[in-house]
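File shown: run10.tsv (TSV, C-alpha atoms).
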```tsv
chain	number	residue	atom	x	y	z
H	1	ILE	CA	170.31	88.84	116.72
H	2	GLN	CA	172.41	88.59	113.59
H	3	GLY	CA	172.08	84.81	113.58
H	4	GLY	CA	168.29	85.09	113.89
H	5	GLY	CA	168.27	87.55	110.99
H	6	MET	CA	170.34	85.19	108.87
H	7	LYS	CA	167.96	82.34	109.68
H	8	ARG	CA	164.95	84.42	108.76
H	9	SER	CA	166.74	85.52	105.63
H	10	LEU	CA	167.34	81.90	104.58
H	11	PHE	CA	163.72	80.97	105.26
H	12	PHE	CA	162.36	83.96	103.35
H	13	LYS	CA	164.73	83.32	100.46
H	14	ILE	CA	163.30	79.83	100.07
H	15	PHE	CA	159.69	80.85	100.68
H	16	GLY	CA	160.02	84.11	98.73
H	17	GLY	CA	161.37	82.26	95.70
H	18	TYR	CA	158.37	79.94	95.65
H	19	LEU	CA	156.05	82.89	96.31
H	20	VAL	CA	157.33	84.86	93.30
H	21	LEU	CA	157.27	81.78	91.06
H	22	THR	CA	153.75	80.76	92.13
H	23	VAL	CA	152.31	84.27	91.77
H	24	ALA	CA	153.97	84.69	88.36
H	25	LEU	CA	152.62	81.36	87.09
H	26	SER	CA	149.15	82.12	88.49
H	27	GLY	CA	149.11	85.51	86.78
H	28	LEU	CA	150.26	83.93	83.53
H	29	ILE	CA	147.50	81.32	83.77
H	30	VAL	CA	144.87	84.03	84.34
H	31	LEU	CA	146.11	86.09	81.37
H	32	ILE	CA	146.26	83.10	79.02
H	33	SER	CA	142.85	81.88	80.21
H	34	SER	CA	141.35	85.32	79.66
H	35	TYR	CA	142.78	85.44	76.13
H	36	LEU	CA	141.58	81.92	75.28
H	37	ILE	CA	138.11	82.54	76.72
H	38	ARG	CA	137.72	85.75	74.74
H	39	ASN	CA	138.78	84.01	71.52
H	40	TYR	CA	136.49	81.08	72.28
H	41	GLN	CA	133.52	83.40	72.88
H	42	ILE	CA	134.21	85.30	69.66
H	43	GLU	CA	134.46	82.07	67.65
H	44	ARG	CA	131.33	80.70	69.25
H	45	THR	CA	129.43	83.93	68.59
H	46	ALA	CA	130.68	83.95	64.99
H	47	ARG	CA	129.27	80.43	64.44
H	48	GLU	CA	125.94	81.42	65.97
H	49	LEU	CA	125.72	84.58	63.85
H	50	LYS	CA	126.51	82.58	60.70
H	51	GLU	CA	123.76	80.05	61.48
H	52	ILE	CA	121.30	82.90	62.14
H	53	ALA	CA	122.33	84.62	58.91
H	54	ILE	CA	121.78	81.44	56.87
H	55	VAL	CA	118.32	80.87	58.38
H	56	LEU	CA	117.27	84.51	57.92
H	57	GLY	CA	118.61	84.44	54.37
H	58	GLU	CA	116.28	81.58	53.55
H	59	ARG	CA	113.39	83.41	55.25
H	60	THR	CA	113.96	86.63	53.30
H	61	LEU	CA	114.61	84.92	49.99
H	62	GLY	CA	110.94	85.05	48.99
H	63	MET	CA	110.18	88.47	50.43
H	64	PRO	CA	111.42	90.95	47.77
H	65	SER	CA	107.96	90.90	46.19
H	66	GLU	CA	106.49	92.23	49.41
H	67	GLY	CA	108.50	95.42	49.13
H	68	ALA	CA	111.50	96.95	50.88
H	69	ALA	CA	109.36	98.33	53.73
H	70	ALA	CA	108.03	94.86	54.61
H	71	ILE	CA	111.55	93.40	54.57
H	72	ASP	CA	112.81	96.22	56.82
H	73	ARG	CA	109.96	95.62	59.31
H	74	PHE	CA	110.74	91.90	59.36
H	75	VAL	CA	114.45	92.57	59.92
H	76	LYS	CA	113.72	94.99	62.79
H	77	GLU	CA	111.37	92.49	64.47
H	78	MET	CA	113.88	89.65	64.15
H	79	GLY	CA	116.73	91.82	65.41
H	80	LYS	CA	114.85	92.45	68.66
H	81	LYS	CA	114.05	88.76	69.08
H	82	ILE	CA	117.57	87.45	68.58
H	83	ASN	CA	119.31	90.45	70.21
H	84	SER	CA	121.55	90.93	67.18
H	85	ARG	CA	121.82	93.52	64.45
H	86	ILE	CA	120.68	92.42	60.97
H	87	THR	CA	121.51	94.21	57.74
H	88	LEU	CA	120.58	93.40	54.13
H	89	VAL	CA	122.93	94.83	51.49
H	90	ALA	CA	122.38	94.82	47.71
H	91	PRO	CA	125.26	93.76	45.40
H	92	ASP	CA	125.92	97.43	44.61
H	93	GLY	CA	126.40	98.19	48.34
H	94	ARG	CA	123.05	99.87	48.90
H	95	VAL	CA	121.48	99.00	52.29
H	96	ILE	CA	118.07	97.38	51.77
H	97	ALA	CA	117.12	96.88	55.43
H	98	ASP	CA	118.64	97.26	58.88
H	99	SER	CA	117.36	96.27	62.32
H	100	GLU	CA	118.82	99.34	64.07
H	101	GLU	CA	118.82	102.24	61.61
H	102	ASP	CA	116.87	103.71	58.70
H	103	PRO	CA	118.45	102.08	55.61
H	104	ALA	CA	117.85	105.23	53.53
H	105	ARG	CA	120.21	107.18	55.78
H	106	MET	CA	122.97	104.60	55.81
H	107	GLU	CA	126.04	104.93	53.60
H	108	ASN	CA	127.00	102.50	50.88
H	109	HIS	CA	128.42	99.24	52.28
H	110	ARG	CA	130.07	97.92	49.12
H	111	THR	CA	133.59	98.55	50.50
H	112	ARG	CA	132.97	96.93	53.87
H	113	ILE	CA	135.35	93.99	54.20
H	114	GLU	CA	132.76	91.43	55.32
H	115	ILE	CA	130.35	92.55	52.53
H	116	SER	CA	133.08	92.29	49.89
H	117	GLN	CA	133.97	88.80	51.08
H	118	ALA	CA	130.32	87.69	50.97
H	119	LEU	CA	129.85	89.09	47.45
H	120	GLU	CA	132.75	86.87	46.39
H	121	GLY	CA	130.70	83.85	47.50
H	122	VAL	CA	132.30	83.14	50.89
H	123	THR	CA	131.34	83.90	54.47
H	124	GLY	CA	132.50	87.37	55.37
H	125	ARG	CA	133.81	88.16	58.84
H	126	PHE	CA	135.26	91.25	60.48
H	127	LEU	CA	135.65	92.77	63.94
H	128	ARG	CA	135.61	96.55	64.06
H	129	LEU	CA	134.05	99.71	65.45
H	130	SER	CA	130.58	100.36	63.97
H	131	ASP	CA	130.47	103.66	62.04
H	132	THR	CA	126.75	103.97	62.74
H	133	LEU	CA	126.53	102.92	66.40
H	134	GLY	CA	130.07	103.81	67.50
H	135	GLN	CA	130.63	100.51	69.31
H	136	GLU	CA	132.90	97.55	68.58
H	137	MET	CA	131.00	94.77	66.83
H	138	LEU	CA	131.58	91.37	65.28
H	139	TYR	CA	130.17	91.16	61.73
H	140	ILE	CA	129.26	87.96	59.87
H	141	ALA	CA	127.96	88.21	56.29
H	142	VAL	CA	126.64	85.43	54.01
H	143	PRO	CA	125.54	85.68	50.38
H	144	VAL	CA	121.88	84.96	49.66
H	145	GLU	CA	121.83	83.30	46.23
H	146	ARG	CA	119.29	82.06	43.73
H	147	GLU	CA	120.32	79.96	40.76
H	148	GLY	CA	123.99	80.78	41.39
H	149	LYS	CA	123.39	84.53	41.44
H	150	THR	CA	123.88	86.64	44.58
H	151	LEU	CA	120.67	88.59	45.18
H	152	TYR	CA	121.93	90.38	48.30
H	153	VAL	CA	124.11	89.91	51.36
H	154	LEU	CA	122.61	89.25	54.79
H	155	ARG	CA	124.81	90.44	57.58
H	156	THR	CA	124.39	89.71	61.29
H	157	SER	CA	126.41	91.40	64.00
H	158	LYS	CA	126.70	91.51	67.76
H	159	PHE	CA	128.15	94.01	70.19
H	160	LEU	CA	131.49	92.90	71.54
H	161	LYS	CA	130.45	94.13	74.99
H	162	ASP	CA	127.87	91.33	75.10
H	163	ILE	CA	130.61	88.82	74.36
H	164	LYS	CA	132.87	90.41	76.99
H	165	THR	CA	130.13	90.12	79.63
H	166	VAL	CA	130.17	86.33	79.34
H	167	SER	CA	133.97	86.34	79.25
H	168	ARG	CA	134.13	88.43	82.43
H	169	GLU	CA	131.88	85.96	84.25
H	170	LEU	CA	134.07	83.04	83.21
H	171	ASN	CA	137.24	84.99	84.04
H	172	ALA	CA	135.86	85.78	87.50
H	173	LYS	CA	135.31	82.08	88.14
H	174	ILE	CA	138.77	81.20	86.84
H	175	LEU	CA	140.28	83.95	88.99
H	176	LEU	CA	138.51	82.57	92.07
H	177	VAL	CA	139.77	79.06	91.37
H	178	THR	CA	143.27	80.43	90.69
H	179	VAL	CA	143.28	82.31	94.01
H	180	ILE	CA	142.24	79.13	95.85
H	181	ILE	CA	144.99	77.16	94.10
H	182	LEU	CA	147.46	79.98	94.79
H	183	VAL	CA	146.66	79.98	98.51
H	184	ALA	CA	146.99	76.19	98.65
H	185	ALA	CA	150.30	76.37	96.74
H	186	LEU	CA	151.65	79.05	99.10
H	187	ILE	CA	150.69	76.97	102.13
H	188	GLY	CA	152.52	74.05	100.54
H	189	ALA	CA	155.51	76.30	99.78
H	190	PHE	CA	155.53	77.52	103.38
H	191	ILE	CA	155.53	73.95	104.69
H	192	PHE	CA	158.22	72.96	102.18
H	193	ALA	CA	160.41	75.95	103.13
H	194	ARG	CA	160.01	75.08	106.81
H	195	THR	CA	160.92	71.47	106.06
H	196	ILE	CA	164.17	72.57	104.41
H	197	TYR	CA	164.91	75.34	106.91
H	198	ARG	CA	164.41	73.33	110.12
H	199	PRO	CA	167.31	70.84	109.67
H	200	ILE	CA	169.58	73.63	108.41
H	201	GLY	CA	168.65	75.67	111.48
H	202	GLU	CA	169.43	72.71	113.73
H	203	LEU	CA	172.80	72.27	112.06
H	204	SER	CA	173.57	75.97	112.42
H	205	ALA	CA	172.67	75.96	116.13
H	206	ALA	CA	174.75	72.82	116.69
H	207	ILE	CA	177.79	74.38	115.01
H	208	LYS	CA	177.50	77.41	117.31
H	209	ARG	CA	177.35	75.14	120.37
H	210	VAL	CA	180.46	73.29	119.19
H	211	ALA	CA	182.18	76.65	118.66
H	212	GLY	CA	181.38	77.33	122.32
H	213	HIS	CA	183.26	74.09	123.23
H	214	ASP	CA	180.13	72.01	123.79
H	215	PHE	CA	181.38	68.81	122.15
H	216	ASN	CA	178.45	66.76	123.41
H	217	THR	CA	176.26	68.37	120.75
H	218	ARG	CA	174.62	65.99	118.30
H	219	VAL	CA	172.19	66.55	115.40
H	220	LEU	CA	169.56	63.86	114.84
H	221	LEU	CA	167.53	64.10	111.61
H	222	LYS	CA	164.86	61.62	110.58
H	223	ALA	CA	164.84	62.37	106.86
H	224	GLN	CA	166.99	60.13	104.70
H	225	ASP	CA	168.53	62.71	102.37
H	226	GLU	CA	171.69	64.77	101.81
H	227	LEU	CA	171.04	66.81	104.97
H	228	LYS	CA	170.94	63.57	106.96
H	229	GLU	CA	174.37	62.71	105.54
H	230	VAL	CA	175.64	66.17	106.55
H	231	ALA	CA	174.24	65.69	110.05
H	232	ASP	CA	175.88	62.26	110.38
H	233	SER	CA	179.21	63.70	109.20
H	234	PHE	CA	178.83	66.52	111.72
H	235	ASN	CA	178.21	64.01	114.51
H	236	ASP	CA	181.29	62.00	113.47
H	237	MET	CA	183.32	65.22	113.49
H	238	THR	CA	182.15	66.17	117.00
H	239	ASP	CA	182.93	62.63	118.22
H	240	GLU	CA	186.48	62.95	116.88
H	241	MET	CA	186.88	66.49	118.26
H	242	GLN	CA	185.61	65.35	121.64
H	243	GLY	CA	188.22	62.56	121.66
H	244	LEU	CA	191.01	64.93	120.59
H	245	PHE	CA	190.15	67.50	123.25
H	246	ALA	CA	189.92	64.77	125.85
H	247	ASP	CA	193.44	63.62	124.90
H	248	LEU	CA	194.72	67.19	124.99
H	249	THR	CA	193.17	67.75	128.40
H	250	ARG	CA	194.70	64.56	129.73
H	251	GLN	CA	198.11	65.46	128.28
H	252	LYS	CA	197.86	68.95	129.76
H	253	GLU	CA	197.00	67.54	133.15
H	254	GLU	CA	199.94	65.13	132.93
H	255	LEU	CA	202.28	67.96	131.94
H	256	ASN	CA	201.03	70.14	134.77
H	257	SER	CA	201.49	67.26	137.15
H	258	ILE	CA	205.10	66.75	135.98
H	259	ILE	CA	205.86	70.46	136.18
H	260	SER	CA	204.32	70.75	139.63
H	261	SER	CA	206.39	67.82	140.89
H	262	LEU	CA	209.71	69.42	139.87
H	263	GLN	CA	211.77	70.64	142.81
H	264	GLU	CA	213.63	73.16	140.66
H	265	GLY	CA	211.98	76.36	139.55
H	266	LEU	CA	210.63	76.31	135.96
H	267	LEU	CA	209.88	79.39	133.85
H	268	VAL	CA	208.74	79.28	130.19
H	269	LEU	CA	208.82	82.47	128.10
H	270	ASP	CA	207.63	83.23	124.57
H	271	GLY	CA	209.60	85.09	121.91
H	272	GLU	CA	208.63	88.45	123.39
H	273	GLU	CA	209.74	87.42	126.88
H	274	ARG	CA	206.22	87.04	128.22
H	275	VAL	CA	205.50	84.41	130.85
H	276	LEU	CA	203.84	81.32	129.39
H	277	LEU	CA	204.28	78.83	132.20
H	278	LEU	CA	205.89	78.47	135.65
H	279	ASN	CA	205.69	75.95	138.46
H	280	ASP	CA	204.97	76.22	142.15
H	281	SER	CA	208.65	75.76	143.04
H	282	LEU	CA	209.53	79.01	141.24
H	283	LYS	CA	206.70	80.81	142.99
H	284	THR	CA	208.03	79.53	146.32
H	285	LEU	CA	211.55	80.69	145.50
H	286	MET	CA	210.26	84.13	144.52
H	287	GLY	CA	207.89	84.37	147.43
H	288	ARG	CA	205.09	85.76	145.30
H	289	ASP	CA	202.75	84.92	142.45
H	290	VAL	CA	203.59	85.62	138.81
H	291	GLU	CA	200.93	86.73	136.33
H	292	ILE	CA	200.83	84.72	133.13
H	293	GLY	CA	201.16	86.80	129.96
H	294	LYS	CA	203.21	89.59	131.54
H	295	PRO	CA	206.84	90.29	130.54
H	296	TYR	CA	209.00	88.49	133.08
H	297	TRP	CA	211.17	91.57	133.75
H	298	GLU	CA	208.15	93.46	135.07
H	299	ILE	CA	207.72	90.83	137.76
H	300	ILE	CA	211.10	89.18	138.33
H	301	ARG	CA	213.96	91.61	138.79
H	302	GLU	CA	216.96	89.26	138.88
H	303	PRO	CA	220.10	90.32	136.99
H	304	ALA	CA	221.22	86.71	136.69
H	305	LEU	CA	217.95	85.79	135.02
H	306	ASN	CA	218.25	88.72	132.64
H	307	GLU	CA	221.74	87.61	131.72
H	308	LEU	CA	220.56	84.04	131.15
H	309	VAL	CA	217.70	85.17	128.92
H	310	ASN	CA	220.01	87.42	126.89
H	311	ARG	CA	222.49	84.57	126.45
H	312	VAL	CA	219.71	82.27	125.18
H	313	HIS	CA	218.69	84.97	122.68
H	314	MET	CA	222.24	85.32	121.42
H	315	GLU	CA	222.66	81.56	121.04
H	316	LYS	CA	219.41	81.44	119.09
H	317	LEU	CA	220.55	84.23	116.78
H	318	ASN	CA	223.89	82.50	116.24
H	319	ARG	CA	222.20	79.24	115.31
H	320	VAL	CA	219.93	81.05	112.84
H	321	GLY	CA	222.97	82.76	111.30
H	322	GLU	CA	224.86	79.45	110.97
H	323	MET	CA	221.86	77.82	109.31
H	324	THR	CA	221.64	80.70	106.85
H	325	ILE	CA	225.36	80.48	105.94
H	326	ASN	CA	225.24	76.70	105.60
H	327	GLY	CA	222.12	76.99	103.54
```
Would it be possible to restate this file's structure as structure tokens?
Amino acid sequence: IQGGGMKRSLFFKIFGGYLVLTVALSGLIVLISSYLIRNYQIERTARELKEIAIVLGERTLGMPSEGAAAIDRFVKEMGKKINSRITLVAPDGRVIADSEEDPARMENHRTRIEISQALEGVTGRFLRLSDTLGQEMLYIAVPVEREGKTLYVLRTSKFLKDIKTVSRELNAKILLVTVIILVAALIGAFIFARTIYRPIGELSAAIKRVAGHDFNTRVLLKAQDELKEVADSFNDMTDEMQGLFADLTRQKEELNSIISSLQEGLLVLDGEERVLLLNDSLKTLMGRDVEIGKPYWEIIREPALNELVNRVHMEKLNRVGEMTING
């Protein structure tokens, strides 16, 4: 269970990393696209409003003789046709005509940024909340001149919500395309993660089999990469381990054969006097079996053997003492 969890964890680490990266990049693309589209729409609308303002300026240039009321009617009719707000402003800031409101009720526009810019002889432009309509609008103002003298300023404007409507439609299409690309990228990331995970999983399973003394285990990978080199090294290691264990098994069998063939009794103890090895001759002499790993004195109660073991211990201690003194 733990191994399976570790495998899943490795897979999800690989896939999760690509998932986070892909989603983050997709979100960044959508945000940047939305920003660029909005700016593009504003710039495009500004160019259109400037062209409209220039044309209307030429149309209204000969109309002052017809009276302010006639100009205001013309501006209101044109505003409905082009779906934009049109305002004529005198050099002193007084509103001459407006397509949405009664010019007599409108405040002086002399301090409006776009009007001030136009009165200086350049195209005025500003994006702000309309004081009259209470909605965000893009304003473009051009000076209407005759013989180098500014007669008035013609300003065109458009609600920003109209610009945003087009932007939303484009953003929706971009979002749809981004989602499709995101899904395709995640499928690719899933396949890529599986491609990396599978050989690692095979190596992990093979190592566990070797740990369980299955030295016939081999890992065969088709890909020619670093993992293939690891798999080949693993196979070489298991070949060598299999040979070593075969030699050890053969040597153990030979040793057991030699021990079994001895006529004398043989008993091998460890440092704590536990039985490590004994032959059949000793078992025959004792008339019973001896359990490996048990202290010999729990099984064999022979004073002579106890004396022999104690003497061996003493000799060992003496040799250690002599080595220490000589050292």
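Considering the residues H:Gly188, H:Thr45, H:Lys294, H:Ile140 and counting all atoms listed in the file, Ile113 of chain H has its shortest atom-to-atom contact with H:Ile140.
Across the model, the gap from atom CA of Lys81 of chain H to atom CA of Val153 of chain H is 20.4 Å.
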* Do you know which residues are at most 12 Å from Glu58 of chain H counting all atoms listed in the file, after dropping those on the same chain fewer than 6 positions away, and could you put them as a PyMOL selection string? -> chain H and resi 51-52+142-146+151-154
* 12 Å contact set for Arg168 of chain H, all atoms listed in the file, chain neighbours under 2 positions out, as a ChimeraX atom specification -> /H:30,33-35,37-38,41,161-166,170-175
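Among the candidate residues H:Leu308, H:Leu25, H:Leu227, H:Met137, the one lying nearest to Leu160 of chain H is H:Met137, with distances computed using only C-alpha atoms.
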Just the residues within 10 Å of Arg94 of chain H, please, counting all atoms listed in the file, with nothing from its chain fewer than 4 positions along; format it as a PDB file with C-alpha atoms, keeping the file's coordinate frame.
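Result saved to out.pdb:
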```pdb
ATOM      1  CA  LEU H  88     120.580  93.400  54.130  1.00  0.00           C
ATOM      2  CA  VAL H  89     122.930  94.830  51.490  1.00  0.00           C
ATOM      3  CA  ALA H  90     122.380  94.820  47.710  1.00  0.00           C
ATOM      4  CA  PRO H 103     118.450 102.080  55.610  1.00  0.00           C
ATOM      5  CA  ALA H 104     117.850 105.230  53.530  1.00  0.00           C
ATOM      6  CA  MET H 106     122.970 104.600  55.810  1.00  0.00           C
ATOM      7  CA  GLU H 107     126.040 104.930  53.600  1.00  0.00           C
ATOM      8  CA  ASN H 108     127.000 102.500  50.880  1.00  0.00           C
ATOM      9  CA  HIS H 109     128.420  99.240  52.280  1.00  0.00           C
ATOM     10  CA  ARG H 110     130.070  97.920  49.120  1.00  0.00           C
ATOM     11  CA  TYR H 152     121.930  90.380  48.300  1.00  0.00           C
TER      12      TYR H 152
END
```
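Take the candidates H:Leu61, H:Leu21, H:Ile14, H:Ile200 and check each one against Ala185 of chain H using all atoms listed in the file; the shortest distance goes to H:Leu21.
For the atom pair formed by atom CA of Val179 of chain H and atom CA of Ile32 of chain H, the distance is 15.3 Å, given to one decimal.
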* **Length of the atom CA of Leu266 of chain H to atom CA of Leu278 of chain H vector [Å]** => 5.2 Å
* Residues within 6 Å of Asp98 of chain H, only C-alpha atoms, excluding chain neighbours under 3 positions, as a ChimeraX atom specification -> /H:86-87,101,103
Take the residues just selected and output them with C-alpha atoms as a compact mmCIF listing (two decimals), in the coordinates of the input.
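Here's the written file part34.txt:
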```
# COMPACT_ATOMS: atom_id res chain seq x y z
CA ILE H 86 120.68 92.42 60.97
CA THR H 87 121.51 94.21 57.74
CA GLU H 101 118.82 102.24 61.61
CA PRO H 103 118.45 102.08 55.61
```
